[in-house]
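Colleague: To start, I am sharing the structure in question, which I have written as structure tokens.
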Amino acid sequence: MSDVYAEPATGAHPTDPATLAPYTTLRLGGAANRLETATSAEEIVRKVQEAESRDEPVLVLAGGSNVVIGDQGFAGTVVLIRSRGFRVVAEDADTVTVRVEAGEPWDDLVAATVERGWSGLECLSGVPGSAGATPIQNVGAYGQEVAETIVGVEAYDRTHGTVVRIDAADCGFAYRGSIFKYSDRWVVLTVDFRLARSPLSGPVRYAELARALGVEVGDRVPLADARATVLRLRAGKGMVLDADDPDTWSVGSFFTNPVLEREAYELLRERAADLGEPPAWPGAGDVVKVSAAWLIDKAGFGKGYAGPEGVAISSKHTLALTNRSGTARTAALVALAREIRDGVHDRFGVTLHPEPVLINCII
Ligand SMILES: Cc1cc2nc3c(=O)[nH]c(=O)nc-3n(C[C@H](O)[C@H](O)[C@H](O)COP(=O)(O)OP(=O)(O)OC[C@H]3O[C@@H](n4cnc5c(N)ncnc54)[C@H](O)[C@@H]3O)c2cc1C
């Protein structure tokens with residue numbers, strides 16, 4: 001079993017109804033009725049089918065880095081995804097297509113592609129969790145999204161009891177979303193990524209990354225430079241997991257950047273007139289994406305802002321809510337998230353939406 005996933009250092013056998021907290025990066029969540037570990041695609045399907053035959057709800061959990069699990073836990077079977085590895089399934093002069101097992105630790109995969117001179121994932125260095133979870137919310141960072149390189153996924157369709165291939169065009173990829181998010185119909189078994197054979201990154205799109213690399217937006221840089229710089233920037237924001245740093249005991253960004261219709265955006269600008277121009281990026285159509293971190297900060301919730309039981313906004317990043325004490329209940333984190341969401345709404349009239357998947361808890 002990989003040691004890159006949060007696993008209890010001591011304690012229960014995997015099938016014991018252990019608390020789920022140690023399996024999540026927030027270290028939050030009550031017990032499950034049953035915990036099963038699956039180390040291959042076949043075993044994932046079998047464990048899910050076995051739980052279904054017992055008429056139990058199923059929760060698929062991999063790195064636990066994008067879930068908030070309620071204090072009452074999960075009244076069913078949790079299947080821990082621990083399949084590993086990747087292999088080349090197609091190649092030509094310019095590209096290589098790799099098929100990755102769902103449980104492969106994401107950053108191990110990124111490191112391996114960078115080493116081999118396969119371009120397309122380098123800006124997603126340091127994102128925690130598993131490869132199989134990346135299609136769920138179309139993982140993105142520093143100007144790259146997995147939707148740009150995924151060509152398809154193989155998934156177990158729980159509705160029909162069959163294993164199917166789903167082309168990228170049918171995955172419904174959107175900003176931090178896909179058909180898989182908030183649906184328990186699909187269990188991703190493998191993901192195919194088509195990557196360019198190139199020692200250089202894709203064009204750097206993110207201004208902060210370009211600045212840190214000393215290049216212009218649109219330039220390409222050696223893959224290893226892109227990876228190293230992204231990792232450095234992320235570490236500075238508490239966005240690389242570190243067991244010794246409570247600032248990283250989070251789910252990364254807790255809220256998505258709100259996407260506003262033009263009218264709502266103009267209203268926000270009016271309400272924020274005393275604060276200067278809200279950072280914003282034009283979206284597809286007449287919509288504008290605004291910075292959730294800016295809204296939170298300007299509504300009075302700065303870095304380090306503390307809630308009950310030792311939960312707090314990270315001291316390195318306004319968007320990360322952390323279980324700093326390591327001993328809080330989910331209820332405390334939820335209380336902090338609500339306070340922030342309501343405070344931002346009162347100040348700016350904009351509603352923030354959580355990015356992680358909420359399991360048996362509501363914000
Ligand atoms: C410090 C930190 C930084 C982060 N930075 C980023 C970032 O930059 N960009 C970004 O997009 N995200 C980021 N995240 C969020 C998270 O790392 C990603 O969403 C990651 O892909 C989640 O992977 P996981 O294996 O931990 O998923 P889990 O948390 O285990 O699961 C998340 C959801 O996916 C479902 N799921 C997991 N595996 C499967 C599967 N095989 N089939 C079907 N459903 C599945 C689960 O049921 C759950 O609903 C960050 C998180 C942390 C803690």
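Within each chain, counting starts at residue 1; across the structure tokens, chains are named A, B, ... in the order shown, with ligands numbered 1 upward in that order.
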Can I get the residues close to ligand 1 as a ChimeraX atom specification, where close means within 7 Å and we count only C-alpha atoms and all ligand atoms?
Modeller: /A:24-25,59-67,81,102-103,124,127-134,136-141,176,180-182,186-189,238-241,248-253,357
Colleague: Write out as a PDB file with N, CA, C and O atoms, in the first residue's frame the set of residues from stretch 68-262 of chain A that DSSP, computed on the backbone, places in strand (DSSP E or B).
Modeller:
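Contents of result_5.pdb, as written:
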ATOM      1  N   VAL A  68     -15.151  16.195   2.658  1.00  0.00           N
ATOM      2  CA  VAL A  68     -15.438  16.572   4.041  1.00  0.00           C
ATOM      3  C   VAL A  68     -16.487  15.573   4.516  1.00  0.00           C
ATOM      4  O   VAL A  68     -17.603  15.547   4.006  1.00  0.00           O
ATOM      5  N   ILE A  69     -16.087  14.734   5.457  1.00  0.00           N
ATOM      6  CA  ILE A  69     -16.977  13.660   5.918  1.00  0.00           C
ATOM      7  C   ILE A  69     -17.545  14.056   7.280  1.00  0.00           C
ATOM      8  O   ILE A  69     -16.809  14.476   8.181  1.00  0.00           O
ATOM      9  N   PHE A  74     -20.047   7.312   7.816  1.00  0.00           N
ATOM     10  CA  PHE A  74     -20.724   6.808   6.615  1.00  0.00           C
ATOM     11  C   PHE A  74     -21.341   5.445   6.935  1.00  0.00           C
ATOM     12  O   PHE A  74     -20.623   4.488   7.240  1.00  0.00           O
ATOM     13  N   ALA A  75     -22.663   5.369   6.854  1.00  0.00           N
ATOM     14  CA  ALA A  75     -23.371   4.125   7.211  1.00  0.00           C
ATOM     15  C   ALA A  75     -23.383   3.180   6.019  1.00  0.00           C
ATOM     16  O   ALA A  75     -24.415   2.948   5.385  1.00  0.00           O
ATOM     17  N   GLY A  76     -22.232   2.651   5.691  1.00  0.00           N
ATOM     18  CA  GLY A  76     -22.115   1.751   4.547  1.00  0.00           C
ATOM     19  C   GLY A  76     -20.672   1.319   4.414  1.00  0.00           C
ATOM     20  O   GLY A  76     -19.881   1.432   5.356  1.00  0.00           O
ATOM     21  N   THR A  77     -20.327   0.839   3.207  1.00  0.00           N
ATOM     22  CA  THR A  77     -18.964   0.363   2.958  1.00  0.00           C
ATOM     23  C   THR A  77     -18.138   1.441   2.262  1.00  0.00           C
ATOM     24  O   THR A  77     -18.586   2.027   1.283  1.00  0.00           O
ATOM     25  N   VAL A  78     -16.970   1.683   2.793  1.00  0.00           N
ATOM     26  CA  VAL A  78     -16.010   2.565   2.120  1.00  0.00           C
ATOM     27  C   VAL A  78     -14.998   1.679   1.406  1.00  0.00           C
ATOM     28  O   VAL A  78     -14.399   0.787   2.015  1.00  0.00           O
ATOM     29  N   VAL A  79     -14.843   1.904   0.105  1.00  0.00           N
ATOM     30  CA  VAL A  79     -13.840   1.157  -0.657  1.00  0.00           C
ATOM     31  C   VAL A  79     -12.645   2.085  -0.898  1.00  0.00           C
ATOM     32  O   VAL A  79     -12.772   3.117  -1.567  1.00  0.00           O
ATOM     33  N   LEU A  80     -11.524   1.717  -0.312  1.00  0.00           N
ATOM     34  CA  LEU A  80     -10.297   2.499  -0.483  1.00  0.00           C
ATOM     35  C   LEU A  80      -9.627   2.069  -1.782  1.00  0.00           C
ATOM     36  O   LEU A  80      -9.329   0.885  -1.981  1.00  0.00           O
ATOM     37  N   ILE A  81      -9.386   3.039  -2.660  1.00  0.00           N
ATOM     38  CA  ILE A  81      -8.803   2.751  -3.984  1.00  0.00           C
ATOM     39  C   ILE A  81      -7.282   2.767  -3.864  1.00  0.00           C
ATOM     40  O   ILE A  81      -6.679   3.808  -3.613  1.00  0.00           O
ATOM     41  N   PHE A  86       0.937   2.509 -14.259  1.00  0.00           N
ATOM     42  CA  PHE A  86       0.477   3.057 -15.544  1.00  0.00           C
ATOM     43  C   PHE A  86       1.263   2.387 -16.654  1.00  0.00           C
ATOM     44  O   PHE A  86       2.344   1.842 -16.419  1.00  0.00           O
ATOM     45  N   ARG A  87       0.698   2.385 -17.870  1.00  0.00           N
ATOM     46  CA  ARG A  87       1.409   1.804 -19.012  1.00  0.00           C
ATOM     47  C   ARG A  87       1.022   2.567 -20.272  1.00  0.00           C
ATOM     48  O   ARG A  87      -0.058   3.184 -20.327  1.00  0.00           O
ATOM     49  N   VAL A  88       1.923   2.511 -21.254  1.00  0.00           N
ATOM     50  CA  VAL A  88       1.664   3.188 -22.525  1.00  0.00           C
ATOM     51  C   VAL A  88       0.724   2.300 -23.337  1.00  0.00           C
ATOM     52  O   VAL A  88       0.982   1.124 -23.523  1.00  0.00           O
ATOM     53  N   VAL A  89      -0.385   2.879 -23.821  1.00  0.00           N
ATOM     54  CA  VAL A  89      -1.327   2.080 -24.623  1.00  0.00           C
ATOM     55  C   VAL A  89      -1.375   2.531 -26.083  1.00  0.00           C
ATOM     56  O   VAL A  89      -1.953   1.835 -26.916  1.00  0.00           O
ATOM     57  N   ALA A  90      -0.795   3.678 -26.386  1.00  0.00           N
ATOM     58  CA  ALA A  90      -0.724   4.135 -27.783  1.00  0.00           C
ATOM     59  C   ALA A  90       0.391   5.170 -27.881  1.00  0.00           C
ATOM     60  O   ALA A  90       0.667   5.879 -26.904  1.00  0.00           O
ATOM     61  N   GLU A  91       1.019   5.213 -29.043  1.00  0.00           N
ATOM     62  CA  GLU A  91       2.040   6.250 -29.232  1.00  0.00           C
ATOM     63  C   GLU A  91       2.273   6.496 -30.718  1.00  0.00           C
ATOM     64  O   GLU A  91       2.012   5.639 -31.561  1.00  0.00           O
ATOM     65  N   THR A  95       3.080  11.994 -29.782  1.00  0.00           N
ATOM     66  CA  THR A  95       2.324  11.846 -28.534  1.00  0.00           C
ATOM     67  C   THR A  95       2.467  10.441 -27.956  1.00  0.00           C
ATOM     68  O   THR A  95       2.847   9.491 -28.649  1.00  0.00           O
ATOM     69  N   VAL A  96       2.120  10.360 -26.686  1.00  0.00           N
ATOM     70  CA  VAL A  96       2.071   9.069 -26.022  1.00  0.00           C
ATOM     71  C   VAL A  96       0.793   9.059 -25.183  1.00  0.00           C
ATOM     72  O   VAL A  96       0.427  10.072 -24.573  1.00  0.00           O
ATOM     73  N   THR A  97       0.086   7.928 -25.195  1.00  0.00           N
ATOM     74  CA  THR A  97      -1.124   7.829 -24.383  1.00  0.00           C
ATOM     75  C   THR A  97      -0.861   6.826 -23.263  1.00  0.00           C
ATOM     76  O   THR A  97      -0.508   5.670 -23.527  1.00  0.00           O
ATOM     77  N   VAL A  98      -1.017   7.298 -22.015  1.00  0.00           N
ATOM     78  CA  VAL A  98      -0.777   6.419 -20.872  1.00  0.00           C
ATOM     79  C   VAL A  98      -2.098   6.079 -20.195  1.00  0.00           C
ATOM     80  O   VAL A  98      -2.968   6.941 -20.045  1.00  0.00           O
ATOM     81  N   ARG A  99      -2.220   4.794 -19.837  1.00  0.00           N
ATOM     82  CA  ARG A  99      -3.404   4.342 -19.084  1.00  0.00           C
ATOM     83  C   ARG A  99      -2.978   4.193 -17.628  1.00  0.00           C
ATOM     84  O   ARG A  99      -2.063   3.427 -17.323  1.00  0.00           O
ATOM     85  N   VAL A 100      -3.646   4.918 -16.751  1.00  0.00           N
ATOM     86  CA  VAL A 100      -3.216   5.007 -15.358  1.00  0.00           C
ATOM     87  C   VAL A 100      -4.268   4.372 -14.456  1.00  0.00           C
ATOM     88  O   VAL A 100      -5.463   4.656 -14.579  1.00  0.00           O
ATOM     89  N   GLU A 101      -3.814   3.499 -13.557  1.00  0.00           N
ATOM     90  CA  GLU A 101      -4.744   2.894 -12.592  1.00  0.00           C
ATOM     91  C   GLU A 101      -5.255   3.979 -11.647  1.00  0.00           C
ATOM     92  O   GLU A 101      -4.523   4.903 -11.278  1.00  0.00           O
ATOM     93  N   PRO A 105      -0.866   7.317  -7.132  1.00  0.00           N
ATOM     94  CA  PRO A 105      -0.739   8.655  -6.554  1.00  0.00           C
ATOM     95  C   PRO A 105      -0.442   9.681  -7.646  1.00  0.00           C
ATOM     96  O   PRO A 105       0.477   9.494  -8.443  1.00  0.00           O
ATOM     97  N   TRP A 118       7.369  13.734 -21.220  1.00  0.00           N
ATOM     98  CA  TRP A 118       5.994  13.756 -21.702  1.00  0.00           C
ATOM     99  C   TRP A 118       5.333  14.999 -21.115  1.00  0.00           C
ATOM    100  O   TRP A 118       5.247  15.159 -19.891  1.00  0.00           O
ATOM    101  N   SER A 119       4.873  15.854 -21.991  1.00  0.00           N
ATOM    102  CA  SER A 119       4.409  17.184 -21.578  1.00  0.00           C
ATOM    103  C   SER A 119       2.883  17.232 -21.484  1.00  0.00           C
ATOM    104  O   SER A 119       2.186  16.652 -22.325  1.00  0.00           O
ATOM    105  N   SER A 130      -5.240  10.919  -5.878  1.00  0.00           N
ATOM    106  CA  SER A 130      -5.059   9.824  -6.822  1.00  0.00           C
ATOM    107  C   SER A 130      -5.320  10.269  -8.254  1.00  0.00           C
ATOM    108  O   SER A 130      -6.051  11.229  -8.497  1.00  0.00           O
ATOM    109  N   GLY A 140      -7.380  21.097 -11.627  1.00  0.00           N
ATOM    110  CA  GLY A 140      -6.680  22.155 -12.342  1.00  0.00           C
ATOM    111  C   GLY A 140      -5.821  22.981 -11.416  1.00  0.00           C
ATOM    112  O   GLY A 140      -6.084  23.064 -10.216  1.00  0.00           O
ATOM    113  N   ALA A 141      -4.760  23.548 -11.962  1.00  0.00           N
ATOM    114  CA  ALA A 141      -3.885  24.446 -11.210  1.00  0.00           C
ATOM    115  C   ALA A 141      -2.911  25.091 -12.173  1.00  0.00           C
ATOM    116  O   ALA A 141      -2.517  24.471 -13.169  1.00  0.00           O
ATOM    117  N   GLN A 144      -3.327  24.745 -16.003  1.00  0.00           N
ATOM    118  CA  GLN A 144      -3.582  23.451 -16.665  1.00  0.00           C
ATOM    119  C   GLN A 144      -4.783  22.768 -16.005  1.00  0.00           C
ATOM    120  O   GLN A 144      -5.009  22.947 -14.810  1.00  0.00           O
ATOM    121  N   GLU A 145      -5.520  21.982 -16.795  1.00  0.00           N
ATOM    122  CA  GLU A 145      -6.620  21.164 -16.273  1.00  0.00           C
ATOM    123  C   GLU A 145      -6.480  19.778 -16.883  1.00  0.00           C
ATOM    124  O   GLU A 145      -6.051  19.645 -18.037  1.00  0.00           O
ATOM    125  N   ILE A 150      -6.898  14.348 -20.797  1.00  0.00           N
ATOM    126  CA  ILE A 150      -7.638  13.077 -20.687  1.00  0.00           C
ATOM    127  C   ILE A 150      -8.308  12.791 -22.029  1.00  0.00           C
ATOM    128  O   ILE A 150      -8.988  13.653 -22.593  1.00  0.00           O
ATOM    129  N   VAL A 151      -8.106  11.552 -22.519  1.00  0.00           N
ATOM    130  CA  VAL A 151      -8.821  11.165 -23.748  1.00  0.00           C
ATOM    131  C   VAL A 151     -10.006  10.268 -23.415  1.00  0.00           C
ATOM    132  O   VAL A 151     -10.930  10.121 -24.206  1.00  0.00           O
ATOM    133  N   GLY A 152      -9.996   9.661 -22.242  1.00  0.00           N
ATOM    134  CA  GLY A 152     -11.138   8.840 -21.848  1.00  0.00           C
ATOM    135  C   GLY A 152     -10.886   8.173 -20.512  1.00  0.00           C
ATOM    136  O   GLY A 152      -9.746   8.168 -20.017  1.00  0.00           O
ATOM    137  N   VAL A 153     -11.936   7.647 -19.919  1.00  0.00           N
ATOM    138  CA  VAL A 153     -11.781   6.894 -18.674  1.00  0.00           C
ATOM    139  C   VAL A 153     -12.498   5.556 -18.831  1.00  0.00           C
ATOM    140  O   VAL A 153     -13.429   5.416 -19.630  1.00  0.00           O
ATOM    141  N   GLU A 154     -12.028   4.596 -18.031  1.00  0.00           N
ATOM    142  CA  GLU A 154     -12.728   3.326 -17.932  1.00  0.00           C
ATOM    143  C   GLU A 154     -13.403   3.351 -16.561  1.00  0.00           C
ATOM    144  O   GLU A 154     -12.753   3.673 -15.549  1.00  0.00           O
ATOM    145  N   ALA A 155     -14.687   3.068 -16.535  1.00  0.00           N
ATOM    146  CA  ALA A 155     -15.407   3.190 -15.269  1.00  0.00           C
ATOM    147  C   ALA A 155     -16.369   2.031 -15.082  1.00  0.00           C
ATOM    148  O   ALA A 155     -16.856   1.438 -16.061  1.00  0.00           O
ATOM    149  N   TYR A 156     -16.621   1.714 -13.826  1.00  0.00           N
ATOM    150  CA  TYR A 156     -17.664   0.743 -13.508  1.00  0.00           C
ATOM    151  C   TYR A 156     -18.969   1.529 -13.380  1.00  0.00           C
ATOM    152  O   TYR A 156     -19.053   2.467 -12.591  1.00  0.00           O
ATOM    153  N   ASP A 157     -19.949   1.149 -14.190  1.00  0.00           N
ATOM    154  CA  ASP A 157     -21.249   1.826 -14.185  1.00  0.00           C
ATOM    155  C   ASP A 157     -22.152   1.067 -13.220  1.00  0.00           C
ATOM    156  O   ASP A 157     -22.623  -0.030 -13.520  1.00  0.00           O
ATOM    157  N   THR A 162     -21.890  -2.710 -15.397  1.00  0.00           N
ATOM    158  CA  THR A 162     -20.935  -3.015 -16.472  1.00  0.00           C
ATOM    159  C   THR A 162     -19.733  -2.069 -16.417  1.00  0.00           C
ATOM    160  O   THR A 162     -19.834  -0.953 -15.900  1.00  0.00           O
ATOM    161  N   VAL A 163     -18.636  -2.541 -16.986  1.00  0.00           N
ATOM    162  CA  VAL A 163     -17.462  -1.672 -17.119  1.00  0.00           C
ATOM    163  C   VAL A 163     -17.519  -1.033 -18.505  1.00  0.00           C
ATOM    164  O   VAL A 163     -17.702  -1.731 -19.512  1.00  0.00           O
ATOM    165  N   VAL A 164     -17.400   0.295 -18.545  1.00  0.00           N
ATOM    166  CA  VAL A 164     -17.558   1.015 -19.813  1.00  0.00           C
ATOM    167  C   VAL A 164     -16.382   1.966 -20.028  1.00  0.00           C
ATOM    168  O   VAL A 164     -15.697   2.351 -19.079  1.00  0.00           O
ATOM    169  N   ARG A 165     -16.164   2.316 -21.305  1.00  0.00           N
ATOM    170  CA  ARG A 165     -15.191   3.373 -21.604  1.00  0.00           C
ATOM    171  C   ARG A 165     -15.975   4.649 -21.916  1.00  0.00           C
ATOM    172  O   ARG A 165     -16.960   4.623 -22.654  1.00  0.00           O
ATOM    173  N   ILE A 166     -15.567   5.741 -21.332  1.00  0.00           N
ATOM    174  CA  ILE A 166     -16.249   7.013 -21.551  1.00  0.00           C
ATOM    175  C   ILE A 166     -15.243   7.978 -22.178  1.00  0.00           C
ATOM    176  O   ILE A 166     -14.192   8.259 -21.578  1.00  0.00           O
ATOM    177  N   ASP A 167     -15.548   8.445 -23.388  1.00  0.00           N
ATOM    178  CA  ASP A 167     -14.652   9.399 -24.045  1.00  0.00           C
ATOM    179  C   ASP A 167     -14.677  10.735 -23.306  1.00  0.00           C
ATOM    180  O   ASP A 167     -15.693  11.106 -22.715  1.00  0.00           O
ATOM    181  N   ALA A 174     -15.975  20.542 -16.770  1.00  0.00           N
ATOM    182  CA  ALA A 174     -16.234  21.976 -16.599  1.00  0.00           C
ATOM    183  C   ALA A 174     -15.289  22.459 -15.508  1.00  0.00           C
ATOM    184  O   ALA A 174     -14.504  21.667 -14.981  1.00  0.00           O
ATOM    185  N   GLY A 177     -15.549  20.515 -12.268  1.00  0.00           N
ATOM    186  CA  GLY A 177     -16.715  19.638 -12.341  1.00  0.00           C
ATOM    187  C   GLY A 177     -16.665  18.673 -13.506  1.00  0.00           C
ATOM    188  O   GLY A 177     -15.842  18.794 -14.427  1.00  0.00           O
ATOM    189  N   TRP A 186     -20.689   6.218 -11.110  1.00  0.00           N
ATOM    190  CA  TRP A 186     -19.463   5.786 -11.782  1.00  0.00           C
ATOM    191  C   TRP A 186     -18.324   5.571 -10.802  1.00  0.00           C
ATOM    192  O   TRP A 186     -18.089   6.405  -9.942  1.00  0.00           O
ATOM    193  N   VAL A 187     -17.608   4.470 -10.970  1.00  0.00           N
ATOM    194  CA  VAL A 187     -16.359   4.282 -10.235  1.00  0.00           C
ATOM    195  C   VAL A 187     -15.253   4.247 -11.277  1.00  0.00           C
ATOM    196  O   VAL A 187     -15.215   3.349 -12.134  1.00  0.00           O
ATOM    197  N   VAL A 188     -14.382   5.229 -11.233  1.00  0.00           N
ATOM    198  CA  VAL A 188     -13.307   5.316 -12.235  1.00  0.00           C
ATOM    199  C   VAL A 188     -12.264   4.241 -11.938  1.00  0.00           C
ATOM    200  O   VAL A 188     -11.769   4.135 -10.807  1.00  0.00           O
ATOM    201  N   LEU A 189     -11.934   3.449 -12.952  1.00  0.00           N
ATOM    202  CA  LEU A 189     -10.974   2.351 -12.780  1.00  0.00           C
ATOM    203  C   LEU A 189      -9.609   2.710 -13.357  1.00  0.00           C
ATOM    204  O   LEU A 189      -8.578   2.427 -12.747  1.00  0.00           O
ATOM    205  N   THR A 190      -9.614   3.295 -14.560  1.00  0.00           N
ATOM    206  CA  THR A 190      -8.365   3.771 -15.176  1.00  0.00           C
ATOM    207  C   THR A 190      -8.663   5.073 -15.925  1.00  0.00           C
ATOM    208  O   THR A 190      -9.813   5.337 -16.289  1.00  0.00           O
ATOM    209  N   VAL A 191      -7.617   5.850 -16.140  1.00  0.00           N
ATOM    210  CA  VAL A 191      -7.752   7.110 -16.888  1.00  0.00           C
ATOM    211  C   VAL A 191      -6.674   7.129 -17.969  1.00  0.00           C
ATOM    212  O   VAL A 191      -5.513   6.815 -17.691  1.00  0.00           O
ATOM    213  N   ASP A 192      -7.043   7.498 -19.195  1.00  0.00           N
ATOM    214  CA  ASP A 192      -6.076   7.622 -20.294  1.00  0.00           C
ATOM    215  C   ASP A 192      -5.734   9.101 -20.516  1.00  0.00           C
ATOM    216  O   ASP A 192      -6.643   9.923 -20.708  1.00  0.00           O
ATOM    217  N   PHE A 193      -4.451   9.405 -20.500  1.00  0.00           N
ATOM    218  CA  PHE A 193      -3.972  10.767 -20.773  1.00  0.00           C
ATOM    219  C   PHE A 193      -3.145  10.739 -22.048  1.00  0.00           C
ATOM    220  O   PHE A 193      -2.264   9.873 -22.188  1.00  0.00           O
ATOM    221  N   ARG A 194      -3.415  11.657 -22.971  1.00  0.00           N
ATOM    222  CA  ARG A 194      -2.550  11.794 -24.150  1.00  0.00           C
ATOM    223  C   ARG A 194      -1.616  12.976 -23.931  1.00  0.00           C
ATOM    224  O   ARG A 194      -2.071  14.123 -23.748  1.00  0.00           O
ATOM    225  N   LEU A 195      -0.314  12.696 -23.953  1.00  0.00           N
ATOM    226  CA  LEU A 195       0.688  13.709 -23.635  1.00  0.00           C
ATOM    227  C   LEU A 195       1.606  13.925 -24.824  1.00  0.00           C
ATOM    228  O   LEU A 195       1.819  13.005 -25.626  1.00  0.00           O
ATOM    229  N   ALA A 196       2.128  15.138 -24.917  1.00  0.00           N
ATOM    230  CA  ALA A 196       3.031  15.449 -26.034  1.00  0.00           C
ATOM    231  C   ALA A 196       4.439  14.979 -25.699  1.00  0.00           C
ATOM    232  O   ALA A 196       4.889  15.111 -24.560  1.00  0.00           O
ATOM    233  N   ARG A 197       5.121  14.415 -26.683  1.00  0.00           N
ATOM    234  CA  ARG A 197       6.542  14.112 -26.482  1.00  0.00           C
ATOM    235  C   ARG A 197       7.283  15.424 -26.652  1.00  0.00           C
ATOM    236  O   ARG A 197       7.438  15.914 -27.777  1.00  0.00           O
ATOM    237  N   LEU A 200       9.688  20.342 -23.384  1.00  0.00           N
ATOM    238  CA  LEU A 200       9.183  21.633 -22.911  1.00  0.00           C
ATOM    239  C   LEU A 200       7.740  21.526 -22.430  1.00  0.00           C
ATOM    240  O   LEU A 200       6.952  20.711 -22.920  1.00  0.00           O
ATOM    241  N   PRO A 222      11.552  24.250 -19.824  1.00  0.00           N
ATOM    242  CA  PRO A 222      11.840  22.825 -19.589  1.00  0.00           C
ATOM    243  C   PRO A 222      10.857  22.254 -18.559  1.00  0.00           C
ATOM    244  O   PRO A 222      10.529  22.917 -17.560  1.00  0.00           O
ATOM    245  N   PHE A 255     -13.412  26.809  -1.308  1.00  0.00           N
ATOM    246  CA  PHE A 255     -14.491  27.358  -2.136  1.00  0.00           C
ATOM    247  C   PHE A 255     -13.989  27.514  -3.575  1.00  0.00           C
ATOM    248  O   PHE A 255     -12.813  27.819  -3.806  1.00  0.00           O
ATOM    249  N   VAL A 259     -18.390  32.173 -10.482  1.00  0.00           N
ATOM    250  CA  VAL A 259     -18.524  32.575 -11.885  1.00  0.00           C
ATOM    251  C   VAL A 259     -19.813  33.391 -11.988  1.00  0.00           C
ATOM    252  O   VAL A 259     -20.903  32.882 -11.753  1.00  0.00           O
ATOM    253  N   LEU A 260     -19.666  34.696 -12.296  1.00  0.00           N
ATOM    254  CA  LEU A 260     -20.805  35.611 -12.234  1.00  0.00           C
ATOM    255  C   LEU A 260     -21.260  36.048 -13.623  1.00  0.00           C
ATOM    256  O   LEU A 260     -20.433  36.274 -14.518  1.00  0.00           O
ATOM    257  N   GLU A 261     -22.580  36.174 -13.764  1.00  0.00           N
ATOM    258  CA  GLU A 261     -23.123  36.831 -14.959  1.00  0.00           C
ATOM    259  C   GLU A 261     -22.664  38.286 -14.901  1.00  0.00           C
ATOM    260  O   GLU A 261     -22.394  38.830 -13.834  1.00  0.00           O
TER     261      GLU A 261
END
Colleague: Step one, run DSSP on the backbone; step two, keep only residues of stretch 34-215 of chain A assigned to alpha helix (DSSP H); then write them as number ranges by chain.
Modeller: A: 41-53, 106-116, 207-213
Colleague: Which of these, A:Tyr206, A:Ile362, A:Thr37, A:Ala306, has the shortest distance to A:Trp281 once you count only C-alpha atoms?
Modeller: A:Tyr206
Colleague: Excluding A:Ile363 and residues on its chain fewer than 2 positions from it, collect all residues at most 9 Å away from it, counting only C-alpha atoms, and give them as a CSV table (one decimal) with C-alpha atoms, in the first residue's frame.
Modeller:
chain,number,residue,atom,x,y,z
A,334,VAL,CA,-18.6,23.4,8.8
A,335,ALA,CA,-19.3,26.3,11.2
A,337,ALA,CA,-17.2,27.6,6.4
A,338,ARG,CA,-20.7,28.9,7.0
A,341,ARG,CA,-19.8,32.0,3.2
A,353,HIS,CA,-19.8,27.3,-3.2
A,354,PRO,CA,-17.7,24.5,-1.6
A,358,LEU,CA,-19.5,16.9,1.2
A,361,CYS,CA,-22.6,17.2,6.2
